[in-house]
file structure.cif (mmCIF, C-alpha atoms and all ligand atoms)
data_work
loop_
_atom_site.group_PDB
_atom_site.id
_atom_site.type_symbol
_atom_site.label_atom_id
_atom_site.label_comp_id
_atom_site.auth_asym_id
_atom_site.auth_seq_id
_atom_site.Cartn_x
_atom_site.Cartn_y
_atom_site.Cartn_z
ATOM 1 C CA MET A 1 0.000 0.000 0.000
ATOM 2 C CA VAL A 2 1.307 3.450 -0.834
ATOM 3 C CA LYS A 3 1.765 5.790 2.083
ATOM 4 C CA THR A 4 2.740 9.397 2.519
ATOM 5 C CA TYR A 5 5.346 10.356 5.089
ATOM 6 C CA ALA A 6 2.509 11.691 7.235
ATOM 7 C CA ASP A 7 0.800 8.262 7.077
ATOM 8 C CA LEU A 8 4.076 6.547 7.941
ATOM 9 C CA TYR A 9 4.504 8.751 10.992
ATOM 10 C CA LEU A 10 0.893 8.369 12.145
ATOM 11 C CA ASP A 11 0.888 4.574 11.709
ATOM 12 C CA ALA A 12 4.180 4.262 13.594
ATOM 13 C CA ARG A 13 2.864 6.456 16.395
ATOM 14 C CA LYS A 14 -0.307 4.384 16.637
ATOM 15 C CA ALA A 15 1.697 1.160 16.903
ATOM 16 C CA LEU A 16 3.922 2.658 19.599
ATOM 17 C CA LEU A 17 1.166 4.341 21.606
ATOM 18 C CA PRO A 18 0.165 1.403 23.882
ATOM 19 C CA SER A 19 3.707 0.877 25.175
ATOM 20 C CA GLU A 20 5.222 4.352 24.851
ATOM 21 C CA GLY A 21 2.316 6.630 25.727
ATOM 22 C CA MET A 22 3.335 10.282 25.599
ATOM 23 C CA TYR A 23 6.696 9.418 23.980
ATOM 24 C CA ALA A 24 5.144 7.562 21.027
ATOM 25 C CA GLY A 25 5.170 10.620 18.760
ATOM 26 C CA ASN A 26 8.821 11.451 19.409
ATOM 27 C CA ILE A 27 9.953 7.880 18.910
ATOM 28 C CA ALA A 28 7.862 7.505 15.756
ATOM 29 C CA ARG A 29 9.404 10.661 14.322
ATOM 30 C CA GLU A 30 12.899 9.472 15.161
ATOM 31 C CA LEU A 31 12.341 6.049 13.601
ATOM 32 C CA VAL A 32 10.756 7.438 10.411
ATOM 33 C CA CYS A 33 13.616 9.938 10.041
ATOM 34 C CA ALA A 34 16.228 7.215 10.514
ATOM 35 C CA ALA A 35 14.486 4.850 8.106
ATOM 36 C CA SER A 36 14.150 7.512 5.409
ATOM 37 C CA GLY A 37 17.398 9.409 5.970
ATOM 38 C CA LYS A 38 15.448 12.631 6.470
ATOM 39 C CA THR A 39 16.007 15.311 9.066
ATOM 40 C CA GLN A 40 13.013 16.178 11.256
ATOM 41 C CA GLU A 41 12.572 19.396 9.274
ATOM 42 C CA ALA A 42 12.604 17.512 5.956
ATOM 43 C CA LEU A 43 10.080 15.017 7.302
ATOM 44 C CA ILE A 44 7.647 17.830 8.085
ATOM 45 C CA ALA A 45 8.268 19.524 4.736
ATOM 46 C CA ASP A 46 7.780 16.228 2.858
ATOM 47 C CA ARG A 47 4.784 15.006 4.864
ATOM 48 C CA GLY A 48 2.509 15.044 1.787
ATOM 49 C CA LEU A 49 4.944 13.103 -0.432
ATOM 50 C CA TYR A 50 4.682 9.362 -1.019
ATOM 51 C CA ALA A 51 7.394 7.191 0.497
ATOM 52 C CA SER A 52 8.924 4.315 -1.442
ATOM 53 C CA GLU A 53 7.950 0.722 -0.666
ATOM 54 C CA GLU A 54 11.476 0.169 0.674
ATOM 55 C CA ILE A 55 11.170 3.007 3.172
ATOM 56 C CA CYS A 56 7.719 1.828 4.281
ATOM 57 C CA LEU A 57 9.118 -1.649 4.967
ATOM 58 C CA ARG A 58 12.120 -0.196 6.808
ATOM 59 C CA VAL A 59 9.864 1.885 9.078
ATOM 60 C CA GLU A 60 7.771 -1.212 9.858
ATOM 61 C CA ASN A 61 10.947 -3.130 10.643
ATOM 62 C CA PHE A 62 12.248 -0.371 12.942
ATOM 63 C CA VAL A 63 8.927 -0.132 14.784
ATOM 64 C CA ARG A 64 8.752 -3.915 15.226
ATOM 65 C CA ARG A 65 12.299 -4.011 16.600
ATOM 66 C CA HIS A 66 11.540 -1.164 18.965
ATOM 67 C CA LEU A 67 8.471 -3.007 20.262
ATOM 68 C CA THR A 68 10.525 -6.143 21.001
ATOM 69 C CA GLY A 69 12.807 -4.051 23.251
ATOM 70 C CA GLU A 70 15.846 -3.588 21.003
ATOM 71 C CA PRO A 71 17.745 -0.447 22.099
ATOM 72 C CA THR A 72 17.112 2.549 19.867
ATOM 73 C CA ALA A 73 20.849 3.026 19.326
ATOM 74 C CA TYR A 74 21.149 -0.360 17.593
ATOM 75 C CA ILE A 75 18.023 0.237 15.503
ATOM 76 C CA LEU A 76 19.314 3.621 14.365
ATOM 77 C CA GLY A 77 22.906 2.371 14.069
ATOM 78 C CA GLN A 78 24.169 5.522 15.723
ATOM 79 C CA TRP A 79 24.238 7.296 19.067
ATOM 80 C CA ASP A 80 25.388 10.684 20.328
ATOM 81 C CA PHE A 81 28.139 11.007 22.918
ATOM 82 C CA ALA A 82 30.137 14.107 23.897
ATOM 83 C CA ASP A 83 28.940 16.129 20.894
ATOM 84 C CA MET A 84 29.798 13.335 18.457
ATOM 85 C CA THR A 85 27.400 11.167 16.489
ATOM 86 C CA LEU A 86 28.974 7.706 16.582
ATOM 87 C CA THR A 87 28.209 4.552 14.656
ATOM 88 C CA VAL A 88 27.196 1.735 16.996
ATOM 89 C CA THR A 89 26.509 -1.924 16.251
ATOM 90 C CA PRO A 90 25.656 -4.805 18.600
ATOM 91 C CA ASP A 91 29.422 -5.497 18.683
ATOM 92 C CA VAL A 92 29.957 -2.465 20.927
ATOM 93 C CA LEU A 93 28.351 -1.069 24.054
ATOM 94 C CA ILE A 94 26.079 1.883 23.522
ATOM 95 C CA PRO A 95 28.028 4.930 24.786
ATOM 96 C CA ARG A 96 26.506 5.930 28.111
ATOM 97 C CA ASP A 97 26.182 9.239 29.820
ATOM 98 C CA ASP A 98 27.971 7.584 32.785
ATOM 99 C CA SER A 99 31.162 7.550 30.715
ATOM 100 C CA MET A 100 31.327 11.346 30.631
ATOM 101 C CA ALA A 101 32.916 11.195 34.109
ATOM 102 C CA VAL A 102 36.025 9.297 32.985
ATOM 103 C CA THR A 103 36.075 11.230 29.710
ATOM 104 C CA GLU A 104 36.138 14.556 31.541
ATOM 105 C CA LEU A 105 38.874 13.381 33.913
ATOM 106 C CA ALA A 106 40.983 12.236 30.950
ATOM 107 C CA ILE A 107 40.443 15.461 29.007
ATOM 108 C CA LYS A 108 41.308 17.640 32.001
ATOM 109 C CA LYS A 109 44.522 15.703 32.615
ATOM 110 C CA GLY A 110 45.262 15.430 28.886
ATOM 111 C CA LEU A 111 45.293 19.214 28.502
ATOM 112 C CA PHE A 112 48.111 19.421 31.073
ATOM 113 C CA LEU A 113 50.292 16.620 29.750
ATOM 114 C CA PRO A 114 53.552 17.418 27.947
ATOM 115 C CA GLN A 115 53.210 18.335 24.252
ATOM 116 C CA ASN A 116 52.011 15.664 21.846
ATOM 117 C CA PRO A 117 51.033 13.222 24.587
ATOM 118 C CA ARG A 118 50.380 9.590 23.740
ATOM 119 C CA ILE A 119 47.109 8.318 25.169
ATOM 120 C CA LEU A 120 45.847 4.723 25.095
ATOM 121 C CA ASP A 121 42.135 3.864 25.336
ATOM 122 C CA LEU A 122 41.851 0.211 26.398
ATOM 123 C CA CYS A 123 38.600 -1.726 25.834
ATOM 124 C CA THR A 124 37.594 1.120 23.561
ATOM 125 C CA GLY A 125 34.461 -0.405 21.970
ATOM 126 C CA SER A 126 33.002 2.266 19.690
ATOM 127 C CA GLY A 127 35.999 4.475 20.511
ATOM 128 C CA CYS A 128 33.733 6.963 22.279
ATOM 129 C CA ILE A 129 36.088 7.912 25.142
ATOM 130 C CA GLY A 130 39.336 8.042 23.170
ATOM 131 C CA LEU A 131 37.727 9.970 20.332
ATOM 132 C CA ALA A 132 36.186 12.503 22.713
ATOM 133 C CA VAL A 133 39.640 12.990 24.251
ATOM 134 C CA ALA A 134 41.225 13.302 20.790
ATOM 135 C CA ARG A 135 38.809 16.064 19.851
ATOM 136 C CA ARG A 136 39.601 18.105 22.942
ATOM 137 C CA VAL A 137 43.310 17.400 23.381
ATOM 138 C CA LYS A 138 44.287 18.514 19.926
ATOM 139 C CA ASP A 139 47.965 17.580 19.976
ATOM 140 C CA ALA A 140 47.419 14.108 21.450
ATOM 141 C CA LYS A 141 48.185 10.908 19.604
ATOM 142 C CA ILE A 142 45.562 8.376 20.588
ATOM 143 C CA THR A 143 45.577 4.598 20.329
ATOM 144 C CA LEU A 144 42.193 2.879 20.509
ATOM 145 C CA ALA A 145 42.530 -0.754 21.559
ATOM 146 C CA ASP A 146 40.100 -3.625 21.876
ATOM 147 C CA ILE A 147 40.154 -7.418 21.892
ATOM 148 C CA SER A 148 37.218 -7.524 19.474
ATOM 149 C CA GLN A 149 38.017 -7.195 15.788
ATOM 150 C CA GLU A 150 34.367 -6.269 15.175
ATOM 151 C CA ALA A 151 34.508 -3.496 17.776
ATOM 152 C CA LEU A 152 37.705 -2.161 16.208
ATOM 153 C CA ARG A 153 35.951 -1.981 12.870
ATOM 154 C CA VAL A 154 33.370 0.311 14.477
ATOM 155 C CA ALA A 155 36.092 2.362 16.202
ATOM 156 C CA LYS A 156 37.917 2.750 12.873
ATOM 157 C CA LYS A 157 34.777 3.923 11.122
ATOM 158 C CA ASN A 158 34.116 6.472 13.849
ATOM 159 C CA THR A 159 37.727 7.667 13.656
ATOM 160 C CA ALA A 160 37.435 8.135 9.901
ATOM 161 C CA ASP A 161 34.010 9.793 10.081
ATOM 162 C CA LEU A 162 35.386 12.326 12.587
ATOM 163 C CA HIS A 163 38.443 12.944 10.352
ATOM 164 C CA LEU A 164 40.780 11.936 13.185
ATOM 165 C CA GLY A 165 42.743 9.304 11.259
ATOM 166 C CA GLY A 166 45.891 11.443 11.369
ATOM 167 C CA ARG A 167 46.161 11.240 15.159
ATOM 168 C CA VAL A 168 44.124 8.183 16.108
ATOM 169 C CA SER A 169 45.027 4.571 15.380
ATOM 170 C CA CYS A 170 43.262 1.324 16.242
ATOM 171 C CA VAL A 171 44.950 -1.877 17.438
ATOM 172 C CA LEU A 172 43.907 -5.316 18.597
ATOM 173 C CA VAL A 173 44.917 -5.727 22.254
ATOM 174 C CA ASP A 174 44.113 -8.349 24.870
ATOM 175 C CA VAL A 175 44.548 -6.588 28.212
ATOM 176 C CA LYS A 176 44.836 -9.958 29.966
ATOM 177 C CA LYS A 177 48.261 -10.348 28.337
ATOM 178 C CA PRO A 178 51.416 -8.238 28.857
ATOM 179 C CA ALA A 179 51.483 -5.064 26.756
ATOM 180 C CA ALA A 180 53.247 -5.701 23.450
ATOM 181 C CA PRO A 181 56.493 -3.677 23.213
ATOM 182 C CA PHE A 182 55.551 -2.327 19.766
ATOM 183 C CA LEU A 183 52.802 -0.266 21.419
ATOM 184 C CA GLY A 184 55.500 1.940 22.994
ATOM 185 C CA LYS A 185 55.023 4.134 26.072
ATOM 186 C CA PHE A 186 52.033 6.285 26.939
ATOM 187 C CA ASP A 187 51.470 9.390 29.026
ATOM 188 C CA MET A 188 47.985 8.260 29.974
ATOM 189 C CA ILE A 189 45.815 5.163 29.784
ATOM 190 C CA VAL A 190 42.057 5.572 29.870
ATOM 191 C CA SER A 191 39.619 2.694 30.095
ATOM 192 C CA ASN A 192 36.014 1.771 30.651
ATOM 193 C CA PRO A 193 36.585 -1.955 30.959
ATOM 194 C CA PRO A 194 33.906 -4.586 31.535
ATOM 195 C CA TYR A 195 33.012 -4.329 35.237
ATOM 196 C CA VAL A 196 29.692 -6.079 35.802
ATOM 197 C CA THR A 197 29.976 -8.927 38.349
ATOM 198 C CA THR A 198 28.841 -12.458 37.561
ATOM 199 C CA ALA A 199 25.844 -12.070 39.891
ATOM 200 C CA GLU A 200 24.868 -8.681 38.437
ATOM 201 C CA MET A 201 25.000 -10.050 34.886
ATOM 202 C CA GLU A 202 21.872 -12.052 35.724
ATOM 203 C CA ARG A 203 20.043 -8.979 36.952
ATOM 204 C CA LEU A 204 20.822 -6.587 34.081
ATOM 205 C CA ASP A 205 17.891 -4.923 32.325
ATOM 206 C CA ALA A 206 16.648 -7.036 29.429
ATOM 207 C CA SER A 207 17.505 -4.212 27.002
ATOM 208 C CA VAL A 208 21.157 -4.557 28.092
ATOM 209 C CA LYS A 209 21.356 -8.302 28.751
ATOM 210 C CA ASP A 210 19.632 -9.399 25.562
ATOM 211 C CA TYR A 211 21.276 -6.964 23.150
ATOM 212 C CA GLU A 212 24.604 -5.576 24.345
ATOM 213 C CA PRO A 213 27.844 -7.565 24.048
ATOM 214 C CA HIS A 214 28.527 -9.551 27.229
ATOM 215 C CA LEU A 215 32.213 -9.452 26.323
ATOM 216 C CA ALA A 216 32.107 -5.717 27.034
ATOM 217 C CA LEU A 217 30.130 -6.024 30.264
ATOM 218 C CA HIS A 218 31.277 -9.011 32.325
ATOM 219 C CA GLY A 219 34.242 -8.215 34.549
ATOM 220 C CA GLY A 220 34.523 -11.643 36.229
ATOM 221 C CA GLU A 221 33.229 -12.898 39.583
ATOM 222 C CA ASP A 222 33.839 -9.617 41.457
ATOM 223 C CA GLY A 223 33.774 -7.369 38.360
ATOM 224 C CA LEU A 224 37.388 -6.308 38.927
ATOM 225 C CA ASP A 225 39.335 -8.701 36.666
ATOM 226 C CA PHE A 226 40.113 -6.052 34.055
ATOM 227 C CA TYR A 227 41.400 -3.459 36.537
ATOM 228 C CA ARG A 228 43.834 -6.028 37.940
ATOM 229 C CA ALA A 229 44.870 -7.091 34.437
ATOM 230 C CA ILE A 230 45.345 -3.552 33.104
ATOM 231 C CA VAL A 231 47.320 -2.431 36.146
ATOM 232 C CA GLN A 232 49.519 -5.518 35.980
ATOM 233 C CA ASN A 233 50.030 -5.669 32.213
ATOM 234 C CA PHE A 234 49.946 -2.017 31.188
ATOM 235 C CA THR A 235 51.708 -0.154 33.986
ATOM 236 C CA PRO A 236 54.952 -1.085 32.159
ATOM 237 C CA ALA A 237 53.538 0.720 29.093
ATOM 238 C CA LEU A 238 53.292 4.020 31.004
ATOM 239 C CA ARG A 239 55.997 6.669 30.897
ATOM 240 C CA PRO A 240 57.402 7.599 34.347
ATOM 241 C CA GLY A 241 54.736 9.529 36.233
ATOM 242 C CA GLY A 242 52.069 8.474 33.719
ATOM 243 C CA CYS A 243 48.384 8.388 34.608
ATOM 244 C CA VAL A 244 45.431 6.066 34.334
ATOM 245 C CA ALA A 245 41.788 7.095 34.204
ATOM 246 C CA PHE A 246 39.289 4.309 34.879
ATOM 247 C CA GLU A 247 35.516 4.169 34.798
ATOM 248 C CA PHE A 248 34.076 1.696 37.325
ATOM 249 C CA GLY A 249 30.700 0.443 38.547
ATOM 250 C CA LYS A 250 28.590 1.628 41.461
ATOM 251 C CA GLY A 251 30.317 0.794 44.743
ATOM 252 C CA GLN A 252 33.603 -0.311 43.159
ATOM 253 C CA ASP A 253 35.492 2.897 43.981
ATOM 254 C CA ALA A 254 37.325 1.591 47.078
ATOM 255 C CA ALA A 255 38.307 -1.700 45.443
ATOM 256 C CA VAL A 256 39.595 -0.024 42.271
ATOM 257 C CA CYS A 257 41.562 2.550 44.305
ATOM 258 C CA GLN A 258 43.064 -0.276 46.345
ATOM 259 C CA ILE A 259 44.200 -2.118 43.203
ATOM 260 C CA LEU A 260 45.834 1.108 42.017
ATOM 261 C CA GLU A 261 47.464 1.996 45.330
ATOM 262 C CA GLN A 262 48.898 -1.484 45.744
ATOM 263 C CA ALA A 263 50.598 -1.027 42.369
ATOM 264 C CA ASP A 264 52.272 2.244 43.378
ATOM 265 C CA TYR A 265 49.663 4.666 42.029
ATOM 266 C CA ARG A 266 48.504 7.762 43.860
ATOM 267 C CA ILE A 267 44.831 8.710 43.547
ATOM 268 C CA LEU A 268 44.536 12.236 42.119
ATOM 269 C CA GLU A 269 40.777 12.551 41.717
ATOM 270 C CA LEU A 270 37.502 10.667 41.955
ATOM 271 C CA LYS A 271 34.532 11.855 39.932
ATOM 272 C CA GLN A 272 30.787 11.284 40.133
ATOM 273 C CA ASP A 273 28.526 10.689 37.159
ATOM 274 C CA ASN A 274 25.441 12.801 36.528
ATOM 275 C CA SER A 275 23.425 10.620 38.926
ATOM 276 C CA GLY A 276 25.803 11.404 41.789
ATOM 277 C CA ILE A 277 27.418 7.938 41.753
ATOM 278 C CA LEU A 278 31.217 7.752 42.056
ATOM 279 C CA ARG A 279 32.108 6.568 38.582
ATOM 280 C CA ALA A 280 35.703 7.377 37.637
ATOM 281 C CA VAL A 281 39.195 7.728 39.053
ATOM 282 C CA LEU A 282 42.377 9.438 37.891
ATOM 283 C CA ALA A 283 45.631 8.128 39.346
ATOM 284 C CA GLN A 284 49.314 8.754 38.745
ATOM 285 C CA HIS A 285 52.017 6.133 38.833
ATOM 286 C CA GLY A 286 55.439 6.088 40.407
ATOM 287 C CA GLU A 287 57.760 8.400 42.207
ATOM 288 C CA GLU A 288 56.963 11.564 40.282
ATOM 289 C CA ALA A 289 53.451 11.243 41.669
ATOM 290 C CA ALA A 290 54.703 12.048 45.153
ATOM 291 C CA GLU A 291 56.619 15.133 43.947
ATOM 292 C CA SER A 292 53.998 16.784 41.748
HETATM 293 N N1 LIG A 301 27.631 0.831 32.711
HETATM 294 C C1 LIG A 301 27.407 -0.404 32.030
HETATM 295 C C2 LIG A 301 26.157 -1.065 32.547
HETATM 296 O O1 LIG A 301 25.941 -1.116 33.728
HETATM 297 C C3 LIG A 301 28.577 -1.352 32.165
HETATM 298 C C4 LIG A 301 29.740 -0.848 31.410
HETATM 299 C C5 LIG A 301 30.930 -1.687 31.648
HETATM 300 O O2 LIG A 301 30.893 -2.828 32.099
HETATM 301 N N2 LIG A 301 32.019 -1.108 31.362
HETATM 302 O O3 LIG A 301 25.366 -1.547 31.769
#

call {"tool": "encode", "arguments": {"input": "structure.cif", "output": "structure tokens", "more": "lines below"}}
Ligand code: GLN
result
Amino acid sequence: MVKTYADLYLDARKALLPSEGMYAGNIARELVCAASGKTQEALIADRGLYASEEICLRVENFVRRHLTGEPTAYILGQWDFADMTLTVTPDVLIPRDDSMAVTELAIKKGLFLPQNPRILDLCTGSGCIGLAVARRVKDAKITLADISQEALRVAKKNTADLHLGGRVSCVLVDVKKPAAPFLGKFDMIVSNPPYVTTAEMERLDASVKDYEPHLALHGGEDGLDFYRAIVQNFTPALRPGGCVAFEFGKGQDAAVCQILEQADYRILELKQDNSGILRAVLAQHGEEAAES
């Protein structure tokens, strides 16, 4: 059946109304725009035009996926973070507002590092944190690293789309193994590693548990495996007096600080997320830490 863009929008809204209530119109508009490649303004301007069969089917598909609980970011294939529109696929976590805490700590420190600092983003996923740092710390050379080849593909696309290929590179890294010497030394390591405990994995929201990559979420029995591994394997990849900035889960602040302190780091700052939960730490390694 032929439909105008107005029909497409109204039908989508009707289908979404029982579950989404007052948000149905906004979601319908977003899904129709994404399915047709139109901006919201263009959708309004073109409301009387007929949409192609292909677009009609794509809108139906998007609405159906939304109704089964698939996160909007995966349906749209993109998500905004720190003023960037990033490609996301089910191979990477959806960038979360929570991650602004570690991003802001890393940017603040990055701006005061020596010229042309080298910064490593471990467990980078979509690249959201490292790319946000690259955009603000304009002389930094950033390495985005992940164990997932599929995630790196997404990180590479985001790097290219943001025209950061000159300063940002992507490498396959398993943080559970010693840092490869070819990586060289870094002024700062930033990471939002998997930190969900085995018990919490069972209790995650269905929208997370059923759709987001468990590889990027599960941090072992106590959720801390990756902090121990990164500190053990990547401290040797830091320049003297280098820093790490970690995101961590609710209530993990003391345990993560302890892992750092036991490895000769000094805690410089802890930061809350926008919900008031302690979410990130900045720490400096080695003797210079005591002097600065
Ligand atoms: N904040 C994410 C969540 O709770 C977890 C992210 C992570 O493990 N790094 O869904």

call {"tool": "resolve_selection", "arguments": {"input": "structure.cif", "expression": "the PyMOL selection byres (((not hetatm)) within 6 of (chain A and resi 301))", "output": "MDAnalysis selection string"}}
result
chainID A and resid 192:196 216:217

call {"tool": "residues_around", "arguments": {"input": "structure.cif", "residues": "range 281-285 of chain A", "least_positions_apart": "6", "cutoff": "8 Å", "atoms": "only C-alpha atoms", "output": "number ranges by chain"}}
result
A: 102, 105-106, 235, 240-247, 253, 257, 260, 264-271

call {"tool": "atom_distance", "arguments": {"input": "structure.cif", "atom1": "CA of Gly21 in chain A", "atom2": "CA of Met100 in chain A"}}
result
29.8 Å

call {"tool": "resolve_selection", "arguments": {"input": "structure.cif", "expression": "the PyMOL selection byres (((chain A and resi 40) around 12) and not hetatm)", "output": "list of chain:residue names"}}
result
A:Tyr5, A:Tyr9, A:Asn26, A:Ile27, A:Ala28, A:Arg29, A:Glu30, A:Leu31, A:Val32, A:Cys33, A:Ala34, A:Ala35, A:Ser36, A:Gly37, A:Lys38, A:Thr39, A:Glu41, A:Ala42, A:Leu43, A:Ile44, A:Ala45, A:Asp46, A:Arg47

call {"tool": "closest_residue", "arguments": {"input": "structure.cif", "among": "A:Asp139, A:Asp121, A:Asp225, A:Asp187", "to": "Ser169 in chain A", "atoms": "only C-alpha atoms"}}
result
A:Asp121

call {"tool": "atom_distance", "arguments": {"input": "structure.cif", "atom1": "CA of Gly69 in chain A", "atom2": "CA of Pro90 in chain A"}}
result
13.7 Å

call {"tool": "residues_near_point", "arguments": {"input": "structure.cif", "point": "(5.4, 11.2, -3.4)", "cutoff": "10 Å", "atoms": "only C-alpha atoms", "output": "PyMOL selection string"}}
result
chain A and resi 2-5+46-52

call {"tool": "axis_aligned_box", "arguments": {"input": "structure.cif", "around": "range 269-287 of chain A", "padding_each_side": "4 Å", "output": "lines of an AutoDock Vina configuration file"}}
result
center_x = 40.6
center_y = 9.4
center_z = 39.4
size_x = 42.3
size_y = 14.7
size_z = 13.7

call {"tool": "resolve_selection", "arguments": {"input": "structure.cif", "expression": "the PyMOL selection byres (((chain A and resi 252) around 12) and not hetatm)", "output": "count of residues only"}}
result
27

call {"tool": "atom_distance", "arguments": {"input": "structure.cif", "atom1": "CA of Leu152 in chain A", "atom2": "CA of Val208 in chain A"}}
result
20.5 Å

call {"tool": "closest_residue", "arguments": {"input": "structure.cif", "among": "A:Met1, A:Val173, A:Met22, A:Leu164", "to": "Gly130 in chain A", "atoms": "only C-alpha atoms"}}
result
A:Leu164

call {"tool": "closest_residue", "arguments": {"input": "structure.cif", "among": "A:Met201, A:Ile55, A:Ile142, A:Ala82", "to": "Val168 in chain A", "atoms": "only C-alpha atoms"}}
result
A:Ile142
